[in-house]
$ cat target14.tsv   # TSV, C-alpha atoms
chain	number	residue	atom	x	y	z
A	1	MET	CA	-11.63	16.81	-10.62
A	2	LYS	CA	-9.12	15.17	-8.27
A	3	LYS	CA	-6.37	13.01	-9.77
A	4	ALA	CA	-4.99	9.79	-8.24
A	5	ILE	CA	-2.64	6.95	-9.11
A	6	ILE	CA	-2.96	3.47	-7.63
A	7	VAL	CA	0.13	1.30	-7.92
A	8	GLY	CA	-1.10	-2.28	-7.80
A	9	ALA	CA	-4.66	-1.88	-9.06
A	10	THR	CA	-5.02	-5.23	-10.81
A	11	SER	CA	-6.59	-7.09	-7.87
A	12	GLY	CA	-7.54	-7.03	-4.20
A	13	ILE	CA	-7.53	-3.83	-2.21
A	14	GLY	CA	-5.94	-1.76	-4.98
A	15	ARG	CA	-8.60	-2.70	-7.51
A	16	GLN	CA	-11.42	-1.98	-5.08
A	17	LEU	CA	-9.90	1.37	-4.14
A	18	ALA	CA	-9.74	2.29	-7.83
A	19	ILE	CA	-13.45	1.57	-8.15
A	20	ILE	CA	-14.24	3.63	-5.03
A	21	LEU	CA	-12.14	6.59	-6.17
A	22	ALA	CA	-13.75	6.57	-9.62
A	23	GLY	CA	-17.16	6.51	-7.96
A	24	ASN	CA	-16.19	9.57	-5.93
A	25	GLY	CA	-15.24	11.76	-8.84
A	26	TYR	CA	-11.53	10.96	-9.17
A	27	GLN	CA	-9.68	10.51	-12.44
A	28	VAL	CA	-7.54	7.46	-11.66
A	29	GLY	CA	-4.30	6.19	-13.12
A	30	ILE	CA	-4.13	2.43	-12.59
A	31	THR	CA	-0.95	0.37	-12.71
A	32	GLY	CA	0.14	-3.23	-12.32
A	33	ARG	CA	2.06	-5.98	-14.08
A	34	ARG	CA	-0.95	-7.71	-15.65
A	35	GLU	CA	-2.17	-5.58	-18.52
A	36	GLU	CA	-5.22	-7.76	-19.15
A	37	LEU	CA	-6.53	-7.10	-15.63
A	38	LEU	CA	-6.03	-3.36	-16.05
A	39	THR	CA	-8.03	-3.57	-19.28
A	40	GLU	CA	-10.86	-5.35	-17.46
A	41	LEU	CA	-10.89	-2.66	-14.78
A	42	MET	CA	-10.91	0.14	-17.35
A	43	ALA	CA	-13.97	-1.39	-18.98
A	44	LEU	CA	-16.01	-0.75	-15.81
A	45	LYS	CA	-15.71	3.02	-16.17
A	46	PRO	CA	-13.64	3.99	-19.23
A	47	ASP	CA	-13.89	7.75	-18.68
A	48	SER	CA	-12.43	7.48	-15.18
A	49	PHE	CA	-9.34	5.31	-15.73
A	50	ILE	CA	-5.99	5.62	-17.48
A	51	ALA	CA	-3.89	2.45	-17.43
A	52	SER	CA	-0.15	1.86	-17.49
A	53	ALA	CA	1.26	-1.66	-17.17
A	54	PHE	CA	4.68	-1.92	-15.53
A	55	ASP	CA	6.57	-3.82	-12.85
A	56	ILE	CA	7.84	-1.84	-9.83
A	57	THR	CA	10.81	-4.19	-9.49
A	58	ASN	CA	12.19	-2.46	-12.60
A	59	ILE	CA	13.44	0.40	-10.45
A	60	GLN	CA	14.78	2.49	-13.33
A	61	LYS	CA	11.38	2.61	-15.02
A	62	VAL	CA	9.31	3.53	-11.97
A	63	PRO	CA	9.95	7.31	-12.06
A	64	LEU	CA	9.46	7.45	-15.82
A	65	LYS	CA	6.19	5.52	-15.74
A	66	LEU	CA	4.75	7.49	-12.82
A	67	LYS	CA	5.70	10.81	-14.42
A	68	GLU	CA	4.15	9.69	-17.70
A	69	LEU	CA	0.94	8.68	-15.95
A	70	SER	CA	0.70	11.90	-13.93
A	71	ASP	CA	1.16	13.89	-17.15
A	72	GLN	CA	-1.66	11.93	-18.79
A	73	LEU	CA	-3.89	12.65	-15.81
A	74	GLY	CA	-3.04	16.34	-15.98
A	75	GLY	CA	-1.87	16.45	-12.36
A	76	LEU	CA	-1.78	14.38	-9.22
A	77	ASP	CA	-3.35	14.81	-5.78
A	78	LEU	CA	-3.07	11.30	-4.35
A	79	LEU	CA	-0.88	8.25	-4.90
A	80	ILE	CA	-1.75	4.95	-3.25
A	81	MET	CA	0.89	2.23	-3.06
A	82	SER	CA	-1.06	-1.03	-2.97
A	83	SER	CA	1.43	-3.30	-4.71
A	84	GLY	CA	3.05	-5.94	-2.54
A	85	THR	CA	3.89	-9.59	-2.16
A	86	GLY	CA	4.43	-12.11	0.60
A	87	LYS	CA	4.53	-15.87	1.08
A	88	ILE	CA	4.86	-18.24	3.99
A	89	ASN	CA	8.47	-19.37	3.78
A	90	PRO	CA	9.63	-21.33	6.86
A	91	ALA	CA	12.30	-23.09	4.76
A	92	LEU	CA	13.82	-19.71	3.82
A	93	GLU	CA	13.81	-20.42	0.10
A	94	PRO	CA	16.12	-17.73	-1.31
A	95	ASP	CA	13.97	-16.85	-4.33
A	96	ILE	CA	10.94	-16.10	-2.16
A	97	GLU	CA	12.92	-13.91	0.25
A	98	ARG	CA	14.68	-12.11	-2.60
A	99	TYR	CA	11.52	-11.35	-4.57
A	100	THR	CA	9.69	-10.20	-1.43
A	101	ASN	CA	12.41	-7.63	-0.83
A	102	GLU	CA	12.53	-6.58	-4.47
A	103	VAL	CA	8.83	-5.71	-4.37
A	104	ASN	CA	8.22	-4.64	-0.77
A	105	VAL	CA	11.49	-2.84	-0.14
A	106	ALA	CA	13.14	-1.74	-3.39
A	107	GLY	CA	9.95	-1.25	-5.41
A	108	PHE	CA	8.13	0.38	-2.51
A	109	THR	CA	11.02	2.80	-1.96
A	110	ALA	CA	11.12	3.81	-5.61
A	111	VAL	CA	7.40	4.62	-5.60
A	112	ALA	CA	7.50	6.37	-2.21
A	113	ASP	CA	10.49	8.55	-3.12
A	114	TRP	CA	9.05	9.60	-6.46
A	115	SER	CA	5.72	10.45	-4.79
A	116	PHE	CA	7.24	12.53	-2.01
A	117	ASN	CA	9.52	14.44	-4.38
A	118	PHE	CA	6.62	15.09	-6.77
A	119	PHE	CA	4.34	16.38	-4.02
A	120	GLU	CA	7.11	18.49	-2.49
A	121	GLY	CA	7.77	19.98	-5.92
A	122	GLN	CA	4.15	21.02	-6.36
A	123	ALA	CA	3.81	21.98	-2.66
A	124	SER	CA	0.92	19.61	-1.89
A	125	GLY	CA	-0.23	16.02	-2.17
A	126	HIS	CA	-1.04	12.81	-0.37
A	127	PHE	CA	0.87	9.51	-0.36
A	128	ALA	CA	-0.83	6.44	1.14
A	129	ALA	CA	0.65	2.95	1.35
A	130	ILE	CA	-0.73	-0.45	2.31
A	131	THR	CA	1.68	-1.90	4.87
A	132	SER	CA	0.52	-4.56	7.37
A	133	ILE	CA	-0.04	-5.21	11.04
A	134	GLY	CA	2.61	-7.87	10.45
A	135	GLY	CA	5.23	-5.14	10.35
A	136	ILE	CA	4.97	-4.70	14.10
A	137	ARG	CA	6.86	-7.93	14.93
A	138	GLY	CA	8.97	-10.55	13.20
A	139	SER	CA	7.74	-13.97	12.06
A	140	ARG	CA	9.52	-17.31	11.80
A	141	GLN	CA	7.00	-18.38	9.14
A	142	ALA	CA	7.55	-15.44	6.77
A	143	PRO	CA	10.69	-13.54	7.81
A	144	ALA	CA	11.13	-11.40	4.70
A	145	TYR	CA	7.47	-10.40	4.49
A	146	PHE	CA	7.18	-9.25	8.10
A	147	ALA	CA	10.57	-7.52	7.96
A	148	SER	CA	9.72	-5.75	4.72
A	149	LYS	CA	6.50	-4.44	6.24
A	150	ALA	CA	8.45	-3.16	9.25
A	151	TYR	CA	10.70	-1.36	6.76
A	152	GLN	CA	7.69	0.23	5.09
A	153	ILE	CA	6.18	1.36	8.40
A	154	ASN	CA	9.44	3.01	9.45
A	155	TYR	CA	9.99	4.54	6.02
A	156	LEU	CA	6.55	6.12	6.11
A	157	GLU	CA	7.29	7.50	9.57
A	158	GLY	CA	10.39	9.11	8.10
A	159	LEU	CA	8.39	10.62	5.25
A	160	THR	CA	5.85	11.92	7.74
A	161	GLN	CA	8.64	13.71	9.59
A	162	LYS	CA	9.96	15.13	6.32
A	163	ALA	CA	6.49	16.32	5.31
A	164	LYS	CA	6.01	18.13	8.62
A	165	LYS	CA	9.43	19.74	8.27
A	166	THR	CA	8.47	21.27	4.92
A	167	GLY	CA	5.44	23.02	6.41
A	168	LEU	CA	3.54	22.14	3.24
A	169	PRO	CA	0.17	20.35	3.02
A	170	ILE	CA	1.78	16.99	2.21
A	171	TYR	CA	0.10	14.03	3.90
A	172	ILE	CA	1.33	10.48	4.52
A	173	THR	CA	-1.06	7.63	5.41
A	174	ASP	CA	0.19	4.28	6.68
A	175	VAL	CA	-2.57	1.67	6.21
A	176	ARG	CA	-1.99	-1.43	8.35
A	177	PRO	CA	-4.46	-4.20	7.47
A	178	GLY	CA	-4.99	-7.36	9.45
A	179	PHE	CA	-6.50	-10.21	7.44
A	180	VAL	CA	-8.28	-9.22	4.23
A	181	ASP	CA	-9.85	-11.72	1.84
A	182	THR	CA	-7.30	-11.42	-0.97
A	183	ALA	CA	-4.97	-13.85	-2.73
A	184	MET	CA	-2.24	-13.05	-0.18
A	185	ALA	CA	-4.34	-14.24	2.78
A	186	ALA	CA	-3.05	-17.80	3.04
A	187	GLY	CA	-4.78	-20.44	5.15
A	188	GLU	CA	-8.27	-21.50	6.12
A	189	ASN	CA	-10.62	-20.33	8.87
A	190	ILE	CA	-8.60	-17.16	9.46
A	191	PHE	CA	-10.17	-15.08	12.21
A	192	TRP	CA	-11.36	-11.49	11.69
A	193	MET	CA	-11.12	-11.83	7.90
A	194	ALA	CA	-12.47	-8.65	6.31
A	195	THR	CA	-13.96	-8.48	2.85
A	196	VAL	CA	-12.05	-6.46	0.29
A	197	GLU	CA	-15.01	-4.09	0.04
A	198	LYS	CA	-15.10	-3.39	3.78
A	199	ALA	CA	-11.33	-2.90	3.96
A	200	ALA	CA	-11.24	-0.57	0.95
A	201	ASN	CA	-14.11	1.54	2.27
A	202	GLN	CA	-12.32	2.03	5.59
A	203	ILE	CA	-9.09	2.89	3.78
A	204	PHE	CA	-10.83	5.44	1.57
A	205	SER	CA	-12.42	7.04	4.64
A	206	ALA	CA	-9.03	7.27	6.36
A	207	ILE	CA	-7.46	8.84	3.28
A	208	GLU	CA	-10.25	11.39	3.00
A	209	ARG	CA	-9.69	12.30	6.67
A	210	LYS	CA	-5.92	12.41	6.04
A	211	LYS	CA	-5.19	9.98	8.85
A	212	ASN	CA	-1.53	9.31	9.55
A	213	VAL	CA	-1.93	5.65	10.64
A	214	VAL	CA	-5.01	3.46	10.24
A	215	TYR	CA	-5.67	-0.18	11.13
A	216	VAL	CA	-8.03	-2.16	8.89
A	217	THR	CA	-10.38	-3.22	10.18
A	218	LYS	CA	-10.51	-0.94	13.21
A	219	ARG	CA	-10.55	-3.81	15.71
A	220	TRP	CA	-6.87	-4.50	14.90
A	221	ARG	CA	-5.71	-1.33	16.66
A	222	PRO	CA	-5.84	-2.80	20.21
A	223	ILE	CA	-4.35	-6.06	18.90
A	224	ALA	CA	-1.43	-4.09	17.47
A	225	PHE	CA	-0.88	-2.49	20.86
A	226	ILE	CA	-0.81	-5.91	22.52
A	227	PHE	CA	1.58	-7.28	19.88
A	228	ARG	CA	4.12	-4.61	20.80
A	229	LEU	CA	3.99	-5.54	24.47
A	230	VAL	CA	4.24	-9.34	24.18
A	231	PRO	CA	7.71	-10.48	25.38
A	232	ARG	CA	9.85	-12.20	22.80
A	233	PHE	CA	9.97	-15.50	24.65
A	234	PHE	CA	6.19	-15.89	24.12
A	235	ILE	CA	6.47	-15.64	20.34
$ encode --input "target14.tsv" --output "structure tokens"
Amino acid sequence: MKKAIIVGATSGIGRQLAIILAGNGYQVGITGRREELLTELMALKPDSFIASAFDITNIQKVPLKLKELSDQLGGLDLLIMSSGTGKINPALEPDIERYTNEVNVAGFTAVADWSFNFFEGQASGHFAAITSIGGIRGSRQAPAYFASKAYQINYLEGLTQKAKKTGLPIYITDVRPGFVDTAMAAGENIFWMATVEKAANQIFSAIERKKNVVYVTKRWRPIAFIFRLVPRFFI
């Protein structure tokens, strides 16, 4: 039986991925800040889930909690980083920018580093992270969020290079969603809004195929290409 951990399984894409993995024969370690939501998820398939409630902004605890959870699972083949935050913040409120970076930069890095070192130590494994198409360019409406996603995209590229250098079967998947119907999708009448189920199914398929970079849904790939080419004075 394959073993996986999902960091940020309490809601949205992470929760749906946990359900999909459990339905495909995985034993899944689920994490998040809200213990009551982890308990609700466990109740859906008790034999498939092991829960551990913790906050990734507590950097010192991240390695300890992930090691503890991998030990409980009896191994680890896949770790999915689905935890993240982001708010529209045109006024640049310091608390919003600070917390965004605590989660999306510092917390992300702690999880990514532990995962890579663990998989390198056992000579195999797969780390996947939910970034965003927003990481391709900056945004005046949410500077920290878009910048933090750019950080994640570049960090994953670095880990991909490191994985190739080892010559080991270590895989990195950068998942770049567009708009997905979760609590983070602010606004009304957002175009190309994907359901959580559709997004999670495409992500699972990409992970199974060990894709390096995947856009969710697939129609965002050409949009991402256009975003890169748009001159700054048009933005």
$ closest_residue --input "target14.tsv" --among "A:Ile96, A:Ile170, A:Ile59, A:Leu38" --to "Ser11 of chain A" --atoms "only C-alpha atoms"
A:Leu38
$ axis_aligned_box --input "target14.tsv" --around "segment 98-102 of chain A" --padding-each-side "3 Å" --output "lines of an AutoDock Vina configuration file"
center_x = 12.2
center_y = -9.3
center_z = -2.7
size_x = 11.0
size_y = 11.5
size_z = 9.7
$ residues_around --input "target14.tsv" --residues "segment 126-137 of chain A" --least-positions-apart "6" --cutoff "7 Å" --atoms "all atoms listed in the file" --output "list in words"
Asp77, Leu78, Leu79, Ile80, Met81, Ser82, Ser115, Phe146, Ala147, Lys149, Ala150, Gln152, Ile153, Ile170, Tyr171, Ile172, Thr173, Asp174, Val175, Arg176, Pro177, Gly178, Ala224 and Arg228 of chain A
$ closest_residue --input "target14.tsv" --among "A:Glu68, A:Glu40, A:Glu157, A:Glu97" --to "Gln141 of chain A" --atoms "all atoms listed in the file"
A:Glu97
$ closest_residue --input "target14.tsv" --among "A:Ile88, A:Ala4, A:Val103, A:Ala123" --to "Ser70 of chain A" --atoms "all atoms listed in the file"
A:Ala4
$ residues_around --input "target14.tsv" --residues "Glu36 of chain A" --least-positions-apart "3" --cutoff "12 Å" --atoms "all atoms listed in the file" --output "CSV table (one decimal) with C-alpha atoms, in the frame of the given file"
chain,number,residue,atom,x,y,z
A,9,ALA,CA,-4.7,-1.9,-9.1
A,10,THR,CA,-5.0,-5.2,-10.8
A,11,SER,CA,-6.6,-7.1,-7.9
A,31,THR,CA,-1.0,0.4,-12.7
A,32,GLY,CA,0.1,-3.2,-12.3
A,33,ARG,CA,2.1,-6.0,-14.1
A,39,THR,CA,-8.0,-3.6,-19.3
A,40,GLU,CA,-10.9,-5.4,-17.5
A,41,LEU,CA,-10.9,-2.7,-14.8
A,42,MET,CA,-10.9,0.1,-17.4
A,43,ALA,CA,-14.0,-1.4,-19.0
A,51,ALA,CA,-3.9,2.4,-17.4
A,52,SER,CA,-0.2,1.9,-17.5
A,53,ALA,CA,1.3,-1.7,-17.2
$ closest_residue --input "target14.tsv" --among "A:Ala144, A:Ile56, A:Ala200, A:Ile5" --to "Asn89 of chain A" --atoms "only C-alpha atoms"
A:Ala144
$ closest_residue --input "target14.tsv" --among "A:Gln60, A:Thr100, A:Asn201, A:Thr217" --to "Trp114 of chain A" --atoms "all atoms listed in the file"
A:Gln60
$ closest_residue --input "target14.tsv" --among "A:Glu120, A:Leu66, A:Phe54, A:Tyr155" --to "Gly167 of chain A" --atoms "only C-alpha atoms"
A:Glu120
$ residues_around --input "target14.tsv" --residues "Ser48 of chain A" --least-positions-apart "2" --cutoff "8 Å" --atoms "all atoms listed in the file" --output "list in words"
Ala22, Tyr26, Gln27, Val28, Met42, Lys45, Pro46 and Ile50 of chain A
$ write_last_selection --input "target14.tsv" --atoms "C-alpha atoms" --output "CSV table (one decimal), keeping the file's coordinate frame"
chain,number,residue,atom,x,y,z
A,22,ALA,CA,-13.8,6.6,-9.6
A,26,TYR,CA,-11.5,11.0,-9.2
A,27,GLN,CA,-9.7,10.5,-12.4
A,28,VAL,CA,-7.5,7.5,-11.7
A,42,MET,CA,-10.9,0.1,-17.4
A,45,LYS,CA,-15.7,3.0,-16.2
A,46,PRO,CA,-13.6,4.0,-19.2
A,50,ILE,CA,-6.0,5.6,-17.5
